[in-house]
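> Input upload.cif, format and content: mmCIF, C-alpha atoms.
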data_data
loop_
_atom_site.label_atom_id
_atom_site.label_comp_id
_atom_site.auth_asym_id
_atom_site.auth_seq_id
_atom_site.Cartn_x
_atom_site.Cartn_y
_atom_site.Cartn_z
CA MET A 1 44.04 -1.38 15.42
CA ARG A 2 41.73 0.45 13.04
CA LEU A 3 41.50 -2.67 10.87
CA ILE A 4 40.39 -4.74 13.88
CA GLU A 5 37.82 -2.09 14.83
CA SER A 6 36.47 -1.95 11.27
CA ARG A 7 36.14 -5.73 11.13
CA ALA A 8 34.38 -5.77 14.51
CA THR A 9 32.01 -3.07 13.28
CA LEU A 10 31.36 -5.05 10.10
CA TYR A 11 30.64 -8.25 12.05
CA LEU A 12 28.30 -6.41 14.41
CA THR A 13 26.50 -4.86 11.46
CA TYR A 14 26.00 -8.21 9.71
CA THR A 15 24.89 -9.81 12.99
CA ALA A 16 22.30 -7.08 13.52
CA LEU A 17 21.09 -7.45 9.93
CA VAL A 18 20.75 -11.23 10.31
CA ILE A 19 18.78 -10.79 13.53
CA LEU A 20 16.49 -8.25 11.88
CA LEU A 21 16.05 -10.56 8.88
CA VAL A 22 15.04 -13.46 11.13
CA ILE A 23 12.60 -11.26 13.04
CA THR A 24 11.09 -9.99 9.78
CA LEU A 25 10.77 -13.36 8.05
CA PHE A 26 9.62 -15.35 11.08
CA PRO A 27 5.92 -14.34 10.82
CA ILE A 28 5.89 -15.13 7.10
CA ALA A 29 7.57 -18.51 7.65
CA LEU A 30 5.09 -19.28 10.42
CA LEU A 31 2.23 -18.34 8.08
CA VAL A 32 3.52 -20.65 5.34
CA ILE A 33 4.04 -23.58 7.74
CA ASN A 34 0.60 -23.28 9.33
CA SER A 35 -1.14 -22.85 5.97
CA LEU A 36 -0.19 -26.47 5.23
CA LYS A 37 -1.50 -27.91 8.52
CA PRO A 38 -4.86 -29.21 9.68
CA ALA A 39 -6.56 -26.97 12.24
CA ALA A 40 -5.92 -29.48 15.06
CA GLU A 41 -2.15 -29.42 14.51
CA ILE A 42 -2.09 -25.62 14.53
CA VAL A 43 -3.90 -25.49 17.85
CA GLN A 44 -1.66 -28.20 19.28
CA ASN A 45 1.66 -26.60 18.27
CA PRO A 46 1.77 -23.69 15.79
CA LEU A 47 5.59 -23.78 15.71
CA ALA A 48 5.90 -27.45 14.70
CA TRP A 49 6.48 -28.70 11.16
CA PRO A 50 3.37 -30.21 9.50
CA ASN A 51 2.81 -33.93 10.02
CA VAL A 52 0.26 -33.96 7.21
CA TYR A 53 0.44 -31.50 4.33
CA ARG A 54 -3.01 -30.09 3.68
CA TRP A 55 -2.74 -28.54 0.23
CA ASP A 56 -6.50 -28.47 0.05
CA ASN A 57 -6.44 -25.56 2.52
CA PHE A 58 -5.65 -23.30 -0.42
CA THR A 59 -8.42 -24.60 -2.65
CA ARG A 60 -10.99 -24.36 0.14
CA ALA A 61 -9.81 -20.86 1.06
CA TRP A 62 -10.02 -19.76 -2.57
CA GLN A 63 -13.55 -21.11 -2.93
CA ASP A 64 -14.97 -20.13 0.46
CA ALA A 65 -13.60 -16.59 0.32
CA ARG A 66 -14.56 -16.28 -3.36
CA PHE A 67 -11.09 -14.89 -4.06
CA GLY A 68 -11.64 -15.11 -7.81
CA ARG A 69 -14.16 -12.29 -7.50
CA THR A 70 -13.02 -10.45 -4.38
CA MET A 71 -9.37 -10.20 -5.45
CA LEU A 72 -10.54 -8.74 -8.75
CA ASN A 73 -12.51 -6.14 -6.80
CA SER A 74 -9.44 -5.37 -4.69
CA ALA A 75 -7.31 -5.03 -7.82
CA LEU A 76 -9.82 -2.69 -9.50
CA LEU A 77 -10.10 -0.61 -6.33
CA SER A 78 -6.32 -0.39 -5.86
CA VAL A 79 -5.56 0.42 -9.51
CA SER A 80 -8.25 3.09 -9.78
CA THR A 81 -7.05 4.66 -6.52
CA ILE A 82 -3.43 4.62 -7.69
CA VAL A 83 -4.34 6.30 -10.98
CA LEU A 84 -6.41 9.01 -9.30
CA VAL A 85 -3.92 9.70 -6.51
CA CYS A 86 -0.86 9.79 -8.77
CA THR A 87 -2.61 11.99 -11.33
CA THR A 88 -4.05 14.57 -8.95
CA GLY A 89 -1.15 14.33 -6.50
CA SER A 90 1.55 14.94 -9.10
CA LEU A 91 -0.29 17.97 -10.52
CA THR A 92 -0.84 19.47 -7.08
CA ALA A 93 2.69 18.74 -5.92
CA TYR A 94 4.18 20.33 -9.04
CA VAL A 95 2.21 23.54 -8.52
CA LEU A 96 3.14 23.73 -4.85
CA ALA A 97 6.81 23.08 -5.64
CA ARG A 98 7.23 25.41 -8.61
CA ARG A 99 4.71 28.21 -8.10
CA LYS A 100 4.85 30.80 -5.36
CA VAL A 101 1.88 29.97 -3.16
CA LYS A 102 1.42 32.67 -0.52
CA SER A 103 -0.73 30.45 1.67
CA TRP A 104 1.72 27.53 1.58
CA LYS A 105 1.85 27.29 5.37
CA ILE A 106 -1.93 27.04 5.52
CA VAL A 107 -1.89 24.40 2.79
CA THR A 108 0.78 22.45 4.68
CA PHE A 109 -1.25 22.60 7.88
CA TYR A 110 -4.32 21.42 6.00
CA LEU A 111 -2.48 18.51 4.37
CA LEU A 112 -0.94 17.41 7.66
CA GLY A 113 -4.28 17.75 9.41
CA THR A 114 -6.12 15.63 6.86
CA THR A 115 -3.35 13.03 7.00
CA THR A 116 -3.64 12.61 10.75
CA ALA A 117 -7.44 12.96 11.05
CA PRO A 118 -9.13 9.59 11.75
CA ILE A 119 -11.47 8.36 9.04
CA GLN A 120 -14.11 7.60 11.69
CA LEU A 121 -14.88 11.33 11.83
CA PHE A 122 -16.10 11.28 8.23
CA LEU A 123 -17.48 7.75 7.99
CA PHE A 124 -21.14 8.39 8.82
CA PRO A 125 -21.52 11.61 6.78
CA LEU A 126 -19.85 9.90 3.83
CA TYR A 127 -22.10 6.87 4.13
CA PHE A 128 -25.30 8.90 4.18
CA GLY A 129 -24.08 11.02 1.28
CA PHE A 130 -23.13 7.99 -0.79
CA ALA A 131 -26.44 6.31 0.07
CA LYS A 132 -28.37 9.36 -1.19
CA LEU A 133 -26.39 9.28 -4.42
CA GLY A 134 -26.84 5.51 -4.84
CA LEU A 135 -23.09 4.84 -4.68
CA ILE A 136 -23.10 2.13 -2.02
CA ASN A 137 -21.57 -1.14 -3.34
CA ASN A 138 -19.76 0.77 -6.08
CA VAL A 139 -16.06 -0.10 -6.23
CA PHE A 140 -15.05 2.97 -8.22
CA ALA A 141 -16.97 5.28 -5.87
CA VAL A 142 -15.00 3.88 -2.95
CA SER A 143 -11.80 4.69 -4.84
CA LEU A 144 -12.84 8.37 -4.61
CA ILE A 145 -12.83 8.07 -0.81
CA TYR A 146 -9.42 6.44 -0.89
CA THR A 147 -8.16 9.19 -3.19
CA ALA A 148 -9.28 11.90 -0.78
CA LEU A 149 -7.81 9.93 2.12
CA TYR A 150 -4.37 9.23 0.61
CA SER A 151 -3.82 12.31 -1.58
CA PRO A 152 -2.37 14.57 1.17
CA PHE A 153 0.41 12.05 1.82
CA ALA A 154 1.09 11.73 -1.91
CA VAL A 155 1.22 15.49 -2.40
CA MET A 156 3.64 16.02 0.49
CA LEU A 157 5.94 13.25 -0.74
CA LEU A 158 5.86 14.14 -4.44
CA ARG A 159 6.53 17.80 -3.70
CA THR A 160 9.97 16.87 -2.40
CA TYR A 161 10.80 15.16 -5.71
CA PHE A 162 9.79 18.19 -7.76
CA LEU A 163 11.84 20.46 -5.49
CA ALA A 164 14.91 18.31 -6.20
CA VAL A 165 14.66 18.93 -9.98
CA PRO A 166 16.81 21.92 -11.10
CA ARG A 167 14.78 24.84 -12.42
CA GLU A 168 17.23 25.18 -15.32
CA LEU A 169 15.67 22.13 -16.97
CA GLU A 170 12.26 23.79 -17.06
CA GLU A 171 13.68 27.08 -18.25
CA ALA A 172 15.58 25.37 -21.07
CA ALA A 173 12.43 23.56 -22.19
CA LEU A 174 10.40 26.79 -22.13
CA ILE A 175 13.08 28.57 -24.18
CA ASP A 176 12.91 25.75 -26.73
CA GLY A 177 9.21 26.51 -27.16
CA ALA A 178 7.60 23.89 -24.92
CA SER A 179 4.34 24.76 -23.20
CA ASN A 180 3.83 24.46 -19.46
CA TRP A 181 1.93 21.22 -19.99
CA GLN A 182 4.70 19.79 -22.15
CA VAL A 183 7.29 20.76 -19.53
CA PHE A 184 5.28 18.93 -16.90
CA THR A 185 4.53 15.79 -18.91
CA ARG A 186 7.73 15.41 -20.95
CA VAL A 187 10.38 16.85 -18.66
CA MET A 188 9.24 16.70 -15.05
CA LEU A 189 7.24 13.47 -14.91
CA PRO A 190 10.01 11.24 -16.37
CA ILE A 191 12.48 12.68 -13.85
CA VAL A 192 10.21 12.15 -10.81
CA SER A 193 8.95 8.76 -12.02
CA PRO A 194 10.74 6.92 -9.14
CA GLY A 195 8.76 9.05 -6.71
CA ILE A 196 5.50 8.34 -8.52
CA LEU A 197 6.29 4.62 -8.44
CA THR A 198 6.97 4.86 -4.71
CA VAL A 199 3.65 6.60 -4.12
CA ALA A 200 1.88 4.04 -6.31
CA LEU A 201 3.29 1.12 -4.32
CA ILE A 202 2.42 2.65 -0.95
CA ILE A 203 -1.08 3.69 -2.02
CA GLY A 204 -1.67 0.30 -3.62
CA LEU A 205 -0.66 -1.42 -0.39
CA TYR A 206 -2.95 0.81 1.66
CA SER A 207 -5.87 0.27 -0.70
CA TRP A 208 -5.36 -3.50 -0.88
CA ASN A 209 -5.31 -3.90 2.91
CA GLU A 210 -7.92 -1.28 3.91
CA PHE A 211 -10.83 -2.80 5.83
CA LEU A 212 -13.05 -0.23 7.56
CA ILE A 213 -14.18 1.72 4.50
CA ALA A 214 -14.41 -1.38 2.32
CA THR A 215 -16.63 -3.25 4.75
CA THR A 216 -18.84 -0.16 5.22
CA PHE A 217 -19.41 0.80 1.58
CA LEU A 218 -19.06 -2.60 -0.15
CA GLN A 219 -21.62 -4.84 1.52
CA LYS A 220 -22.79 -7.16 -1.26
CA ALA A 221 -20.92 -10.41 -1.81
CA ASP A 222 -20.13 -9.54 -5.45
CA ASN A 223 -18.59 -6.19 -4.45
CA MET A 224 -16.52 -7.21 -1.43
CA THR A 225 -12.77 -6.89 -1.41
CA ALA A 226 -10.40 -9.74 -0.59
CA ILE A 227 -9.62 -8.44 2.90
CA VAL A 228 -13.34 -8.33 3.79
CA SER A 229 -13.99 -11.83 2.47
CA PHE A 230 -10.97 -13.02 4.45
CA PHE A 231 -12.46 -11.57 7.62
CA LEU A 232 -15.72 -13.42 6.97
CA LEU A 233 -13.91 -16.78 6.96
CA SER A 234 -13.72 -16.68 10.75
CA GLY A 235 -16.81 -18.38 12.16
CA GLN A 236 -18.66 -17.44 15.34
CA TYR A 237 -18.20 -20.80 17.05
CA THR A 238 -15.59 -22.71 15.02
CA THR A 239 -12.65 -21.52 12.96
CA ASP A 240 -10.57 -23.51 10.49
CA TRP A 241 -7.18 -21.97 11.18
CA GLY A 242 -5.50 -23.89 8.38
CA GLU A 243 -7.90 -22.41 5.85
CA ILE A 244 -7.48 -18.94 7.35
CA MET A 245 -3.67 -19.18 7.18
CA ALA A 246 -3.89 -20.28 3.56
CA ALA A 247 -6.25 -17.40 2.77
CA ALA A 248 -3.90 -14.92 4.46
CA LEU A 249 -1.00 -16.25 2.38
CA ILE A 250 -3.04 -15.87 -0.81
CA ILE A 251 -3.76 -12.24 0.04
CA VAL A 252 -0.17 -11.43 1.01
CA LEU A 253 1.56 -13.09 -1.97
CA PRO A 254 0.62 -10.54 -4.69
CA ILE A 255 1.97 -7.65 -2.60
CA VAL A 256 5.18 -9.52 -1.71
CA ILE A 257 5.83 -10.51 -5.33
CA LEU A 258 5.16 -6.97 -6.57
CA PHE A 259 7.47 -5.47 -3.97
CA ILE A 260 10.26 -7.95 -4.78
CA LEU A 261 10.02 -7.08 -8.47
CA LEU A 262 10.05 -3.32 -7.84
CA GLN A 263 12.13 -3.10 -4.68
CA ARG A 264 15.10 -1.42 -6.34
CA ARG A 265 12.96 1.34 -7.84
CA PHE A 266 11.09 1.67 -4.55
CA ILE A 267 14.30 2.18 -2.55
CA GLU A 268 15.61 4.65 -5.12
CA GLY A 269 12.32 6.52 -4.90
CA MET A 270 12.38 6.70 -1.11
CA ALA A 271 15.97 7.93 -1.15
CA GLY A 272 15.14 10.53 -3.78
CA GLY A 273 12.25 11.85 -1.69
CA SER A 274 14.42 12.65 1.31
CA VAL A 275 15.13 16.19 0.11
CA LYS A 276 13.84 18.88 2.44
CA GLY A 277 11.45 21.40 0.92
#
So that I can check it, write out the structure of this file as structure tokens.

Amino acid sequence: MRLIESRATLYLTYTALVILLVITLFPIALLVINSLKPAAEIVQNPLAWPNVYRWDNFTRAWQDARFGRTMLNSALLSVSTIVLVCTTGSLTAYVLARRKVKSWKIVTFYLLGTTTAPIQLFLFPLYFGFAKLGLINNVFAVSLIYTALYSPFAVMLLRTYFLAVPRELEEAALIDGASNWQVFTRVMLPIVSPGILTVALIIGLYSWNEFLIATTFLQKADNMTAIVSFFLLSGQYTTDWGEIMAAALIIVLPIVILFILLQRRFIEGMAGGSVKG
């Protein structure tokens, strides 16, 4: 009887997983199919298989959206944000996890508050401040905004990784003559590297897809990010949906490929960060 129940549970589990897989992959499959169609076929039936394969949708999307330049801007913005967030976030998280901070509850409230606060509250003051400093259309200046925006999340997540590391490892390193900086860089960072990779992937995804700040502070064509140039492909009166689908696929592919390559480390990192602190 138990064997029958276990098999039924297994079948139900696999059925649910298959259904979830179909639901998850359906939008991507629809995107791929429509990226190879003329605009008329998409409007006629977006679910149908292409009658004519329009491979030139990708070349036109690449040229019209200037992806050669805009994707480089997105990459520079994402990488600089990842470096800043992981550097400052890991240092802050280590201090909050290993040092007795009397005002920890206040710090927690502040981090949670900044995480949930909408960016629209700070958009106009930031814009006027950046305009006074001459930092509009500066990709690396925008990465400072992203760093301030995403750091609270990174600190809260990385703190859980540092809390999971036994204190005996630090004490043994200090007894062996290591400095506090050496303990942090040579002992702690290698252990929490899955957590740092997890934060890097999430922050990179946020930075790559962010639109509001990018379109506000990066207004020149040579400084736009890929997501902003993609938005500009849509015309006021006519829209080439085949080109737009191809452009969307071009933007999505780097993130999908990167996640596939690092999915095991990402899952390990998320599981490791589930410790309560």
> Starting from the displayed file, determine the output of the PyMOL selection byres ((chain A and resi 218) around 12) and express the residue list as a ChimeraX atom specification.
/A:70,73-74,77,127,130-131,135-143,210-217,219-229
> Determine the nearest neighbour of Ala40 (chain A) from the options A:Ala117, A:Val252, A:Leu112, A:Gly242, counting all atoms listed in the file.
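Among A:Ala117, A:Val252, A:Leu112, A:Gly242, it is A:Gly242 that comes nearest to Ala40 (chain A).
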> Taking only residues of region 68-154 of chain A that have an atom at most 12 Å from an atom of region 45-62 of chain A, what is each one's shortest atom pair and its distance in Å to one decimal, using all atoms listed in the file, in chain and number order, as a tab-separated table?

residue	atom	partner	partner_atom	distance
A:Gly68	CA	A:Trp62	CA	7.2
A:Arg69	CA	A:Trp62	CA	9.9
A:Thr70	CA	A:Trp62	CA	9.9
A:Met71	CA	A:Trp62	CA	10.0
> What would the list of residues within 10 Å of (-0.8, 16.4, -9.9) (file frame) look like as a PyMOL selection string, if all atoms listed in the file are what count?
chain A and resi 84-96+151+154-155+158-159+184+189
> Give as a PyMOL selection string the residues that the PyMOL selection byres ((chain A and resi 167-171) around 8) matches when applied to the coordinates above.
chain A and resi 165-166+172-175+183+187-188
> Please dump the current selection as an mmCIF file, in the coordinates of the input; keep C-alpha atoms.

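Okay, this is what ended up in part23.cif:
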data_model
loop_
_atom_site.group_PDB
_atom_site.id
_atom_site.type_symbol
_atom_site.label_atom_id
_atom_site.label_comp_id
_atom_site.auth_asym_id
_atom_site.auth_seq_id
_atom_site.Cartn_x
_atom_site.Cartn_y
_atom_site.Cartn_z
ATOM 1 C CA VAL A 165 14.660 18.930 -9.980
ATOM 2 C CA PRO A 166 16.810 21.920 -11.100
ATOM 3 C CA ALA A 172 15.580 25.370 -21.070
ATOM 4 C CA ALA A 173 12.430 23.560 -22.190
ATOM 5 C CA LEU A 174 10.400 26.790 -22.130
ATOM 6 C CA ILE A 175 13.080 28.570 -24.180
ATOM 7 C CA VAL A 183 7.290 20.760 -19.530
ATOM 8 C CA VAL A 187 10.380 16.850 -18.660
ATOM 9 C CA MET A 188 9.240 16.700 -15.050
#
> Using all atoms listed in the file, which of A:Gly177, A:Pro38, A:Pro27, A:Pro152 sits nearest Trp241 (chain A)?
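Going through A:Gly177, A:Pro38, A:Pro27, A:Pro152 one by one, the smallest distance to Trp241 (chain A) is for A:Pro38.
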> Kindly indicate which residue among A:Ile106, A:Ile255, A:Leu149, A:Ile250 lies nearest to Pro118 (chain A), using only C-alpha atoms for the distances.
A:Leu149
> Could you put an axis-aligned box around every listed atom of region 94-100 of chain A, padded by 4 Å on each side, and send me its centre and edge lengths in Å to one decimal, as JSON?

{"center_x": 4.7, "center_y": 25.6, "center_z": -6.9, "size_x": 13.0, "size_y": 18.5, "size_z": 12.2}
> Go through A:Tyr146, A:Trp208, A:Phe162, A:Trp181 and flag the residue nearest Thr115 (chain A), using only C-alpha atoms for the distances.
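Looking at the shortest contact to Thr115 (chain A), the residue is A:Tyr146.
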> Can I get region 243-254 of chain A with all heavy atoms filled in, as a PDB file, keeping the file's coordinate frame?

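Saved as selection-v7.pdb:
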ATOM      1  N   GLU A 243      -7.313 -23.113   6.988  1.00  0.00           N
ATOM      2  CA  GLU A 243      -7.900 -22.410   5.850  1.00  0.00           C
ATOM      3  C   GLU A 243      -7.635 -20.907   5.948  1.00  0.00           C
ATOM      4  O   GLU A 243      -7.330 -20.248   4.944  1.00  0.00           O
ATOM      5  CB  GLU A 243      -9.404 -22.673   5.810  1.00  0.00           C
ATOM      6  CG  GLU A 243     -10.112 -21.998   4.642  1.00  0.00           C
ATOM      7  CD  GLU A 243     -11.609 -22.258   4.664  1.00  0.00           C
ATOM      8  OE1 GLU A 243     -12.105 -22.883   5.633  1.00  0.00           O
ATOM      9  OE2 GLU A 243     -12.287 -21.818   3.721  1.00  0.00           O
ATOM     10  N   ILE A 244      -7.722 -20.370   7.160  1.00  0.00           N
ATOM     11  CA  ILE A 244      -7.480 -18.940   7.350  1.00  0.00           C
ATOM     12  C   ILE A 244      -6.023 -18.577   7.038  1.00  0.00           C
ATOM     13  O   ILE A 244      -5.742 -17.558   6.402  1.00  0.00           O
ATOM     14  CB  ILE A 244      -7.863 -18.515   8.778  1.00  0.00           C
ATOM     15  CG1 ILE A 244      -9.382 -18.515   8.924  1.00  0.00           C
ATOM     16  CG2 ILE A 244      -7.290 -17.151   9.127  1.00  0.00           C
ATOM     17  CD1 ILE A 244      -9.870 -18.126  10.289  1.00  0.00           C
ATOM     18  N   MET A 245      -5.091 -19.421   7.482  1.00  0.00           N
ATOM     19  CA  MET A 245      -3.670 -19.180   7.180  1.00  0.00           C
ATOM     20  C   MET A 245      -3.421 -19.227   5.679  1.00  0.00           C
ATOM     21  O   MET A 245      -2.666 -18.421   5.132  1.00  0.00           O
ATOM     22  CB  MET A 245      -2.800 -20.195   7.913  1.00  0.00           C
ATOM     23  CG  MET A 245      -2.826 -20.094   9.426  1.00  0.00           C
ATOM     24  SD  MET A 245      -2.073 -18.568  10.011  1.00  0.00           S
ATOM     25  CE  MET A 245      -2.307 -18.751  11.790  1.00  0.00           C
ATOM     26  N   ALA A 246      -4.048 -20.178   5.014  1.00  0.00           N
ATOM     27  CA  ALA A 246      -3.890 -20.280   3.560  1.00  0.00           C
ATOM     28  C   ALA A 246      -4.475 -19.052   2.870  1.00  0.00           C
ATOM     29  O   ALA A 246      -3.883 -18.509   1.920  1.00  0.00           O
ATOM     30  CB  ALA A 246      -4.567 -21.552   3.056  1.00  0.00           C
ATOM     31  N   ALA A 247      -5.638 -18.596   3.350  1.00  0.00           N
ATOM     32  CA  ALA A 247      -6.250 -17.400   2.770  1.00  0.00           C
ATOM     33  C   ALA A 247      -5.375 -16.172   2.991  1.00  0.00           C
ATOM     34  O   ALA A 247      -5.225 -15.333   2.092  1.00  0.00           O
ATOM     35  CB  ALA A 247      -7.636 -17.190   3.378  1.00  0.00           C
ATOM     36  N   ALA A 248      -4.790 -16.054   4.184  1.00  0.00           N
ATOM     37  CA  ALA A 248      -3.900 -14.920   4.460  1.00  0.00           C
ATOM     38  C   ALA A 248      -2.690 -14.939   3.527  1.00  0.00           C
ATOM     39  O   ALA A 248      -2.254 -13.897   3.031  1.00  0.00           O
ATOM     40  CB  ALA A 248      -3.451 -14.962   5.917  1.00  0.00           C
ATOM     41  N   LEU A 249      -2.152 -16.133   3.278  1.00  0.00           N
ATOM     42  CA  LEU A 249      -1.000 -16.250   2.380  1.00  0.00           C
ATOM     43  C   LEU A 249      -1.380 -15.858   0.958  1.00  0.00           C
ATOM     44  O   LEU A 249      -0.596 -15.209   0.251  1.00  0.00           O
ATOM     45  CB  LEU A 249      -0.455 -17.677   2.418  1.00  0.00           C
ATOM     46  CG  LEU A 249       0.871 -17.927   1.696  1.00  0.00           C
ATOM     47  CD1 LEU A 249       1.974 -17.063   2.285  1.00  0.00           C
ATOM     48  CD2 LEU A 249       1.253 -19.400   1.775  1.00  0.00           C
ATOM     49  N   ILE A 250      -2.567 -16.232   0.529  1.00  0.00           N
ATOM     50  CA  ILE A 250      -3.040 -15.870  -0.810  1.00  0.00           C
ATOM     51  C   ILE A 250      -3.137 -14.353  -0.954  1.00  0.00           C
ATOM     52  O   ILE A 250      -2.776 -13.779  -1.989  1.00  0.00           O
ATOM     53  CB  ILE A 250      -4.388 -16.540  -1.104  1.00  0.00           C
ATOM     54  CG1 ILE A 250      -4.210 -18.052  -1.230  1.00  0.00           C
ATOM     55  CG2 ILE A 250      -5.003 -15.984  -2.388  1.00  0.00           C
ATOM     56  CD1 ILE A 250      -5.516 -18.813  -1.358  1.00  0.00           C
ATOM     57  N   ILE A 251      -3.620 -13.690   0.095  1.00  0.00           N
ATOM     58  CA  ILE A 251      -3.760 -12.240   0.040  1.00  0.00           C
ATOM     59  C   ILE A 251      -2.406 -11.543   0.063  1.00  0.00           C
ATOM     60  O   ILE A 251      -2.190 -10.542  -0.624  1.00  0.00           O
ATOM     61  CB  ILE A 251      -4.630 -11.749   1.226  1.00  0.00           C
ATOM     62  CG1 ILE A 251      -6.066 -12.239   1.062  1.00  0.00           C
ATOM     63  CG2 ILE A 251      -4.611 -10.231   1.332  1.00  0.00           C
ATOM     64  CD1 ILE A 251      -6.971 -11.877   2.212  1.00  0.00           C
ATOM     65  N   VAL A 252      -1.473 -12.078   0.835  1.00  0.00           N
ATOM     66  CA  VAL A 252      -0.170 -11.430   1.010  1.00  0.00           C
ATOM     67  C   VAL A 252       0.723 -11.616  -0.221  1.00  0.00           C
ATOM     68  O   VAL A 252       1.487 -10.705  -0.576  1.00  0.00           O
ATOM     69  CB  VAL A 252       0.524 -11.991   2.268  1.00  0.00           C
ATOM     70  CG1 VAL A 252       1.991 -11.577   2.322  1.00  0.00           C
ATOM     71  CG2 VAL A 252      -0.198 -11.521   3.516  1.00  0.00           C
ATOM     72  N   LEU A 253       0.628 -12.757  -0.885  1.00  0.00           N
ATOM     73  CA  LEU A 253       1.560 -13.090  -1.970  1.00  0.00           C
ATOM     74  C   LEU A 253       1.626 -12.033  -3.086  1.00  0.00           C
ATOM     75  O   LEU A 253       2.733 -11.685  -3.522  1.00  0.00           O
ATOM     76  CB  LEU A 253       1.218 -14.456  -2.553  1.00  0.00           C
ATOM     77  CG  LEU A 253       1.844 -15.667  -1.841  1.00  0.00           C
ATOM     78  CD1 LEU A 253       1.410 -16.960  -2.507  1.00  0.00           C
ATOM     79  CD2 LEU A 253       3.366 -15.559  -1.836  1.00  0.00           C
ATOM     80  N   PRO A 254       0.502 -11.532  -3.610  1.00  0.00           N
ATOM     81  CA  PRO A 254       0.620 -10.540  -4.690  1.00  0.00           C
ATOM     82  C   PRO A 254       1.426  -9.310  -4.295  1.00  0.00           C
ATOM     83  O   PRO A 254       2.228  -8.802  -5.087  1.00  0.00           O
ATOM     84  CB  PRO A 254      -0.847 -10.177  -4.997  1.00  0.00           C
ATOM     85  CG  PRO A 254      -1.637 -11.353  -4.533  1.00  0.00           C
ATOM     86  CD  PRO A 254      -0.907 -11.876  -3.348  1.00  0.00           C
TER      87      PRO A 254
END
